[in-house]
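entry-v6.cif, holding mmCIF, C-alpha atoms:
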data_run
#
loop_
_atom_site.label_atom_id
_atom_site.label_comp_id
_atom_site.auth_asym_id
_atom_site.auth_seq_id
_atom_site.Cartn_x
_atom_site.Cartn_y
_atom_site.Cartn_z
CA MET N 1 0.00 0.00 0.00
CA ARG N 2 2.83 2.41 0.86
CA VAL N 3 4.60 1.80 -2.46
CA TYR N 4 1.30 2.24 -4.32
CA LYS N 5 0.72 5.60 -2.65
CA GLU N 6 4.24 6.75 -3.54
CA ILE N 7 3.76 5.75 -7.18
CA MET N 8 0.44 7.59 -7.37
CA ALA N 9 2.05 10.65 -5.77
CA VAL N 10 4.75 10.68 -8.40
CA PHE N 11 2.19 10.48 -11.22
CA SER N 12 0.10 13.26 -9.71
CA ILE N 13 3.02 15.70 -9.46
CA GLY N 14 4.98 14.40 -12.45
CA PRO N 15 4.24 17.28 -14.85
CA PHE N 16 5.03 19.82 -12.14
CA MET N 17 8.37 18.12 -11.39
CA LEU N 18 9.19 18.11 -15.09
CA ILE N 19 8.66 21.86 -15.19
CA GLN N 20 10.79 22.23 -12.06
CA GLY N 21 13.57 20.17 -13.61
CA LEU N 22 13.56 22.30 -16.75
CA MET N 23 13.66 25.50 -14.70
CA VAL N 24 16.51 24.21 -12.54
CA ARG N 25 18.47 23.26 -15.65
CA LYS N 26 17.85 26.68 -17.21
CA TYR N 27 18.80 28.83 -14.25
CA ALA N 28 21.36 26.72 -12.36
CA ALA N 29 24.85 28.16 -12.23
CA GLU N 30 27.19 26.14 -14.41
CA LEU N 31 30.44 25.96 -12.49
CA PRO N 32 33.58 24.80 -14.32
CA GLU N 33 35.55 21.67 -13.60
CA ALA N 34 38.62 22.20 -11.42
CA THR N 35 41.77 23.20 -13.27
CA GLY N 36 45.17 21.55 -12.96
CA PRO N 37 46.89 18.27 -13.85
CA ARG N 38 44.80 15.12 -14.03
CA ASN N 39 47.68 12.78 -13.34
CA GLY N 40 50.83 12.77 -11.28
CA VAL N 41 53.21 10.98 -8.96
CA VAL N 42 53.51 11.97 -5.28
CA GLY N 43 54.88 10.52 -2.07
CA THR N 44 57.31 7.81 -1.10
CA GLY N 45 56.82 4.24 -0.01
CA VAL N 46 55.00 1.28 -1.48
CA PRO N 47 53.98 1.98 -5.11
CA LEU N 48 50.24 2.45 -5.56
CA ARG N 49 48.71 3.09 -9.00
CA VAL N 50 45.29 4.70 -8.64
CA LEU N 51 42.65 5.43 -11.28
CA ILE N 52 39.91 7.90 -10.28
CA ILE N 53 36.85 7.98 -12.51
CA GLY N 54 33.59 9.82 -12.28
CA ASP N 55 31.27 12.68 -13.03
CA SER N 56 31.40 16.38 -12.12
CA SER N 57 32.16 15.58 -8.47
CA ALA N 58 35.27 13.64 -9.47
CA ALA N 59 36.13 16.45 -11.91
CA GLY N 60 36.19 18.86 -8.98
CA VAL N 61 33.27 21.11 -9.83
CA GLY N 62 32.83 23.46 -6.87
CA VAL N 63 36.53 24.10 -6.24
CA ALA N 64 39.15 25.97 -8.26
CA THR N 65 41.93 23.41 -8.64
CA GLN N 66 42.45 19.67 -8.59
CA ASP N 67 44.50 20.07 -5.40
CA ASP N 68 41.23 20.76 -3.57
CA ALA N 69 39.18 18.15 -5.45
CA ILE N 70 38.88 14.44 -4.70
CA ALA N 71 41.85 13.32 -6.81
CA GLY N 72 44.29 15.84 -5.36
CA GLN N 73 43.08 15.36 -1.79
CA LEU N 74 43.24 11.58 -2.14
CA ALA N 75 46.79 11.60 -3.50
CA ALA N 76 47.94 14.01 -0.79
CA GLN N 77 46.42 11.92 2.01
CA LEU N 78 48.07 8.73 0.70
CA ALA N 79 51.46 10.29 -0.03
CA ASP N 80 52.94 9.83 3.45
CA ARG N 81 53.01 6.03 3.08
CA PHE N 82 52.66 5.31 -0.65
CA GLN N 83 54.29 6.44 -3.85
CA VAL N 84 51.03 7.30 -5.57
CA THR N 85 50.83 7.30 -9.33
CA TRP N 86 47.38 8.65 -10.06
CA GLU N 87 45.21 9.38 -13.06
CA LEU N 88 41.84 11.12 -13.18
CA VAL N 89 39.22 10.49 -15.85
CA ALA N 90 36.15 12.58 -15.05
CA LYS N 91 33.58 14.60 -16.94
CA THR N 92 30.57 16.68 -16.02
CA GLY N 93 27.39 14.84 -16.96
CA ALA N 94 29.02 11.40 -17.06
CA THR N 95 26.86 8.36 -16.47
CA THR N 96 28.05 4.85 -15.67
CA LYS N 97 27.43 3.73 -19.25
CA SER N 98 29.09 6.71 -20.93
CA HIS N 99 32.12 6.56 -18.68
CA THR N 100 32.64 2.87 -19.26
CA GLN N 101 32.99 3.62 -22.95
CA ALA N 102 35.28 6.58 -22.18
CA LEU N 103 37.64 4.30 -20.26
CA ILE N 104 37.90 1.94 -23.22
CA GLU N 105 38.73 4.82 -25.55
CA GLN N 106 40.94 7.02 -23.36
CA VAL N 107 42.83 5.02 -20.76
CA GLY N 108 45.79 2.70 -21.02
CA GLY N 109 48.06 0.97 -18.54
CA LYS N 110 47.49 -0.98 -15.37
CA PHE N 111 46.30 0.15 -11.94
CA ASP N 112 46.24 -1.31 -8.44
CA ALA N 113 43.10 0.48 -7.32
CA ALA N 114 40.16 2.29 -8.89
CA ILE N 115 37.97 4.94 -7.27
CA ILE N 116 34.47 5.31 -8.76
CA CYS N 117 32.34 8.41 -8.26
CA LEU N 118 29.28 7.86 -10.46
CA GLY N 119 25.53 7.63 -9.99
CA VAL N 120 24.00 11.09 -9.65
CA ASN N 121 23.48 11.53 -13.38
CA ASP N 122 22.08 8.01 -13.68
CA VAL N 123 19.52 8.95 -11.04
CA THR N 124 18.59 12.32 -12.53
CA HIS N 125 18.55 11.04 -16.14
CA GLY N 126 16.00 8.35 -15.33
CA VAL N 127 18.21 5.31 -15.91
CA ASN N 128 16.45 2.08 -14.93
CA LEU N 129 17.77 0.68 -11.64
CA LYS N 130 18.27 -2.89 -12.90
CA ALA N 131 19.99 -1.62 -16.05
CA TRP N 132 22.23 0.62 -13.94
CA LEU N 133 23.32 -2.24 -11.68
CA LYS N 134 24.25 -4.26 -14.77
CA GLN N 135 26.23 -1.28 -16.06
CA GLN N 136 28.06 -1.10 -12.74
CA VAL N 137 29.00 -4.78 -13.00
CA ARG N 138 30.28 -4.24 -16.54
CA LEU N 139 32.39 -1.33 -15.31
CA TYR N 140 33.92 -3.41 -12.49
CA GLU N 141 34.69 -6.26 -14.88
CA LEU N 142 36.32 -3.87 -17.34
CA LEU N 143 38.50 -2.41 -14.60
CA GLU N 144 39.58 -5.86 -13.47
CA GLN N 145 40.10 -7.49 -16.87
CA LYS N 146 41.46 -4.63 -19.01
CA PHE N 147 43.27 -2.53 -16.41
CA GLY N 148 44.32 -5.17 -13.88
CA VAL N 149 42.59 -3.41 -10.99
CA GLY N 150 42.69 -5.44 -7.79
CA GLU N 151 40.78 -3.07 -5.51
CA ILE N 152 37.64 -1.15 -6.43
CA TYR N 153 36.32 1.59 -4.13
CA VAL N 154 32.82 2.67 -5.06
CA SER N 155 31.53 5.95 -3.69
CA GLY N 156 27.89 5.83 -2.75
CA VAL N 157 25.31 7.94 -4.51
CA PRO N 158 25.35 11.37 -2.81
CA PRO N 159 22.28 12.40 -0.78
CA ILE N 160 20.44 14.43 -3.41
CA LYS N 161 17.62 15.04 -0.93
CA TYR N 162 19.86 17.59 0.81
CA PHE N 163 21.02 19.53 -2.27
CA PRO N 164 19.85 23.14 -1.72
CA LEU N 165 19.53 23.83 -5.46
CA LEU N 166 16.54 21.53 -5.89
CA PRO N 167 13.00 22.64 -5.05
CA GLN N 168 10.29 20.42 -3.61
CA PRO N 169 8.81 18.03 -4.67
CA LEU N 170 11.64 17.40 -7.15
CA LYS N 171 14.12 17.16 -4.28
CA TRP N 172 11.94 14.58 -2.51
CA PHE N 173 11.52 12.46 -5.63
CA LEU N 174 15.17 12.47 -6.70
CA GLY N 175 16.28 12.05 -3.09
CA ARG N 176 14.25 8.89 -2.66
CA ARG N 177 15.51 7.58 -5.98
CA ALA N 178 19.12 8.28 -5.03
CA ASP N 179 18.69 6.51 -1.70
CA ARG N 180 17.20 3.49 -3.47
CA PHE N 181 20.05 3.36 -5.98
CA ASP N 182 22.61 3.60 -3.21
CA HIS N 183 20.94 0.83 -1.19
CA TRP N 184 21.14 -1.59 -4.11
CA LEU N 185 24.63 -0.41 -5.03
CA GLU N 186 25.87 -1.25 -1.54
CA ASP N 187 24.23 -4.66 -1.75
CA LEU N 188 25.87 -5.30 -5.14
CA VAL N 189 29.32 -4.22 -3.98
CA LYS N 190 29.21 -6.38 -0.84
CA LYS N 191 28.84 -9.47 -3.01
CA ARG N 192 32.04 -8.80 -4.96
CA LYS N 193 35.55 -9.67 -3.86
CA ASN N 194 37.90 -6.73 -3.22
CA CYS N 195 35.13 -4.25 -3.94
CA TYR N 196 34.12 -1.69 -1.30
CA HIS N 197 31.21 0.72 -0.90
CA ILE N 198 32.01 4.17 0.51
CA PRO N 199 28.93 5.79 2.09
CA ILE N 200 28.62 9.52 1.45
CA ALA N 201 27.65 11.01 4.79
CA PHE N 202 28.82 14.61 4.82
CA PRO N 203 26.94 17.07 7.09
CA HIS N 204 23.68 18.52 5.77
CA ASP N 205 25.04 22.06 5.94
CA THR N 206 24.36 24.38 3.02
CA SER N 207 27.46 26.42 3.89
CA LEU N 208 29.55 23.43 2.77
CA MET N 209 28.05 23.53 -0.72
CA ALA N 210 29.41 25.48 -3.68
CA SER N 211 27.56 28.47 -5.08
CA ASP N 212 25.55 26.28 -7.47
CA GLY N 213 23.87 24.49 -4.55
CA TYR N 214 24.70 21.15 -6.12
CA HIS N 215 28.41 20.49 -5.64
CA PRO N 216 30.55 20.49 -2.49
CA LYS N 217 33.31 22.80 -1.37
CA ALA N 218 36.90 21.75 -0.62
CA TRP N 219 36.21 20.64 2.99
CA VAL N 220 33.67 18.07 1.79
CA TYR N 221 36.00 16.81 -0.94
CA ALA N 222 38.69 16.36 1.74
CA GLN N 223 36.29 14.37 3.92
CA TRP N 224 35.21 12.29 0.93
CA ALA N 225 38.82 11.51 0.06
CA GLY N 226 39.46 10.66 3.70
CA TRP N 227 36.69 8.06 3.75
CA ILE N 228 38.24 6.42 0.70
CA VAL N 229 41.72 6.51 2.24
CA ASP N 230 40.39 4.90 5.44
CA LYS N 231 38.92 2.06 3.39
CA ILE N 232 42.17 1.60 1.45
CA ASP N 233 44.13 1.44 4.72
CA GLU N 234 41.60 -0.99 6.21
CA HIS N 235 41.86 -3.28 3.20
CA ARG N 236 45.65 -3.20 3.00
CA ALA N 237 46.10 -3.75 6.74
CA ARG N 238 44.75 -7.27 6.23
CA PHE N 239 47.62 -8.23 3.93
#

Please express the file's structure as structure tokens.
Amino acid sequence: MRVYKEIMAVFSIGPFMLIQGLMVRKYAAELPEATGPRNGVVGTGVPLRVLIIGDSSAAGVGVATQDDAIAGQLAAQLADRFQVTWELVAKTGATTKSHTQALIEQVGGKFDAAIICLGVNDVTHGVNLKAWLKQQVRLYELLEQKFGVGEIYVSGVPPIKYFPLLPQPLKWFLGRRADRFDHWLEDLVKKRKNCYHIPIAFPHDTSLMASDGYHPKAWVYAQWAGWIVDKIDEHRARF
């Protein structure tokens, strides 16, 4: 009965949400991706080759340079105990399917670990949940088979329900959808060997969001990178 009521609610406000979505797209501030190198070598210690892939969040939208984005923060936090060779492949608007194809076309070499930051655009673009989970599996298999990745760290779908840019009821609808996607993503990841889900649990504080109301500032990117680093350390401590 509860699910039925939710479905009927979506149908009843669907046209209104469509109008809201078009208005948000028209008037939202389009912030640029962070500038700076998208690959590098930092630190000393055990060699660690890291591939970071994702959408606008991985590209660093919301901060000025890659030093303050996920890739730069991640490399810096690992550099005191690893020699980190890192590469970033990220693009605003990327979906899981589009980015899988981009990896095939753009990336070469082998990596020890991959960091995935994808899902928001799949949620907002209306990708079917079952199709998306299959796309995730294909991405993991590509990373393992083509790029030799032995550890995959999958960032959860961010909590869209707290994004200040979005008006109600669009925020409610996309927020519930994002939560559902993340629930099934976590379940999928838990079933795979050497694959880890990273919950996104930053504070629900609008002051931590960039001026577009949709992307985080540097402090959140640092926290996000820190959660990934903690999981890397936890995994490697077992070996």

List, as a PyMOL selection string, every residue that the PyMOL selection byres ((chain N and resi 60) around 9) selects in the file provided. chain N and resi 32-35+55-59+61-66+68-71+90+215-216+218+221

Region 42-44 of chain N: which residues within 7 Å, counting all atoms listed in the file, same-chain residues fewer than 3 positions away excluded, as a list in words?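 In the requested format, the answer is Ala75, Ala79, Asp80, Arg81, Phe82, Gln83, Val84 and Thr85 of chain N.
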
Spatial neighbours of Val137 (chain N), 12 Å, all atoms listed in the file, chain gap at least 4 places, as number ranges by chain: N: 96-97, 100, 130-133, 141-144, 152, 154, 185, 188-189, 191-192, 195

Can you tell me, as a list in words, what residues are no more than 12 Å from Gly213 (chain N) when counting all atoms listed in the file, ignoring any on the same chain fewer than 5 positions away? Val24, Tyr27, Ala28, Ala29, Glu30, Leu31, Val61, Gly62, Ile160, Lys161, Tyr162, Phe163, Pro164, Leu165, Leu166, Pro167, His204, Asp205, Thr206, Ser207 and Leu208 of chain N

Store the residues of this selection in a file with C-alpha atoms, as a CSV table (one decimal), keeping the file's coordinate frame.
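This is the output file selection10.csv:
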chain,number,residue,atom,x,y,z
N,24,VAL,CA,16.5,24.2,-12.5
N,27,TYR,CA,18.8,28.8,-14.2
N,28,ALA,CA,21.4,26.7,-12.4
N,29,ALA,CA,24.8,28.2,-12.2
N,30,GLU,CA,27.2,26.1,-14.4
N,31,LEU,CA,30.4,26.0,-12.5
N,61,VAL,CA,33.3,21.1,-9.8
N,62,GLY,CA,32.8,23.5,-6.9
N,160,ILE,CA,20.4,14.4,-3.4
N,161,LYS,CA,17.6,15.0,-0.9
N,162,TYR,CA,19.9,17.6,0.8
N,163,PHE,CA,21.0,19.5,-2.3
N,164,PRO,CA,19.8,23.1,-1.7
N,165,LEU,CA,19.5,23.8,-5.5
N,166,LEU,CA,16.5,21.5,-5.9
N,167,PRO,CA,13.0,22.6,-5.0
N,204,HIS,CA,23.7,18.5,5.8
N,205,ASP,CA,25.0,22.1,5.9
N,206,THR,CA,24.4,24.4,3.0
N,207,SER,CA,27.5,26.4,3.9
N,208,LEU,CA,29.6,23.4,2.8

Write out as a ChimeraX atom specification each polymer residue whose atoms come within 9 Å of Ile232 (chain N), counting all atoms listed in the file; drop sequence neighbours fewer than 6 positions from it. /N:113,151,153

Just the residues within 10 Å of Leu129 (chain N), please, counting all atoms listed in the file, with nothing from its chain fewer than 2 positions along; format it as a PDB file with C-alpha atoms, in the frame of the given file.
ATOM      1  CA  ASP N 122      22.080   8.010 -13.680  1.00  0.00           C
ATOM      2  CA  VAL N 123      19.520   8.950 -11.040  1.00  0.00           C
ATOM      3  CA  GLY N 126      16.000   8.350 -15.330  1.00  0.00           C
ATOM      4  CA  VAL N 127      18.210   5.310 -15.910  1.00  0.00           C
ATOM      5  CA  ALA N 131      19.990  -1.620 -16.050  1.00  0.00           C
ATOM      6  CA  TRP N 132      22.230   0.620 -13.940  1.00  0.00           C
ATOM      7  CA  LEU N 133      23.320  -2.240 -11.680  1.00  0.00           C
ATOM      8  CA  LYS N 134      24.250  -4.260 -14.770  1.00  0.00           C
ATOM      9  CA  GLN N 135      26.230  -1.280 -16.060  1.00  0.00           C
ATOM     10  CA  ARG N 177      15.510   7.580  -5.980  1.00  0.00           C
ATOM     11  CA  ARG N 180      17.200   3.490  -3.470  1.00  0.00           C
ATOM     12  CA  PHE N 181      20.050   3.360  -5.980  1.00  0.00           C
ATOM     13  CA  TRP N 184      21.140  -1.590  -4.110  1.00  0.00           C
ATOM     14  CA  LEU N 185      24.630  -0.410  -5.030  1.00  0.00           C
TER      15      LEU N 185
END

Assuming the chain letters and numbering stay as they are in my file, what does the PyMOL selection byres ((chain N and resi 201) around 8) actually select? List them as a PyMOL selection string. chain N and resi 158-159+199-200+202-203

What separation in Å, quoted to one decimal, exists between CA of Ile115 (chain N) and CA of Val89 (chain N)?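 Separation of CA of Ile115 (chain N) and CA of Val89 (chain N): 10.3 Å.
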
Which one of N:Gly156, N:Pro169, N:Gly40, N:Gly175 sits closest to Trp227 (chain N) if you count only C-alpha atoms?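 Selected residue with least distance to Trp227 (chain N): N:Gly156.
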
Neighbour residues at most 7 Å from (34.7, 6.7, -6.7) (all atoms listed in the file) as a PyMOL selection string: chain N and resi 52-54+115-118+153-155

Please produce a file of the residues just selected, as an mmCIF file, in the coordinates of the input, where the atoms kept are C-alpha atoms.
data_model
loop_
_atom_site.group_PDB
_atom_site.id
_atom_site.type_symbol
_atom_site.label_atom_id
_atom_site.label_comp_id
_atom_site.auth_asym_id
_atom_site.auth_seq_id
_atom_site.Cartn_x
_atom_site.Cartn_y
_atom_site.Cartn_z
ATOM 1 C CA ILE N 52 39.910 7.900 -10.280
ATOM 2 C CA ILE N 53 36.850 7.980 -12.510
ATOM 3 C CA GLY N 54 33.590 9.820 -12.280
ATOM 4 C CA ILE N 115 37.970 4.940 -7.270
ATOM 5 C CA ILE N 116 34.470 5.310 -8.760
ATOM 6 C CA CYS N 117 32.340 8.410 -8.260
ATOM 7 C CA LEU N 118 29.280 7.860 -10.460
ATOM 8 C CA TYR N 153 36.320 1.590 -4.130
ATOM 9 C CA VAL N 154 32.820 2.670 -5.060
ATOM 10 C CA SER N 155 31.530 5.950 -3.690
#

Report, in Å to a single decimal, how far apart CA of Pro47 (chain N) and CA of Leu78 (chain N) are.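 Separation of CA of Leu78 (chain N) and CA of Pro47 (chain N): 10.7 Å.
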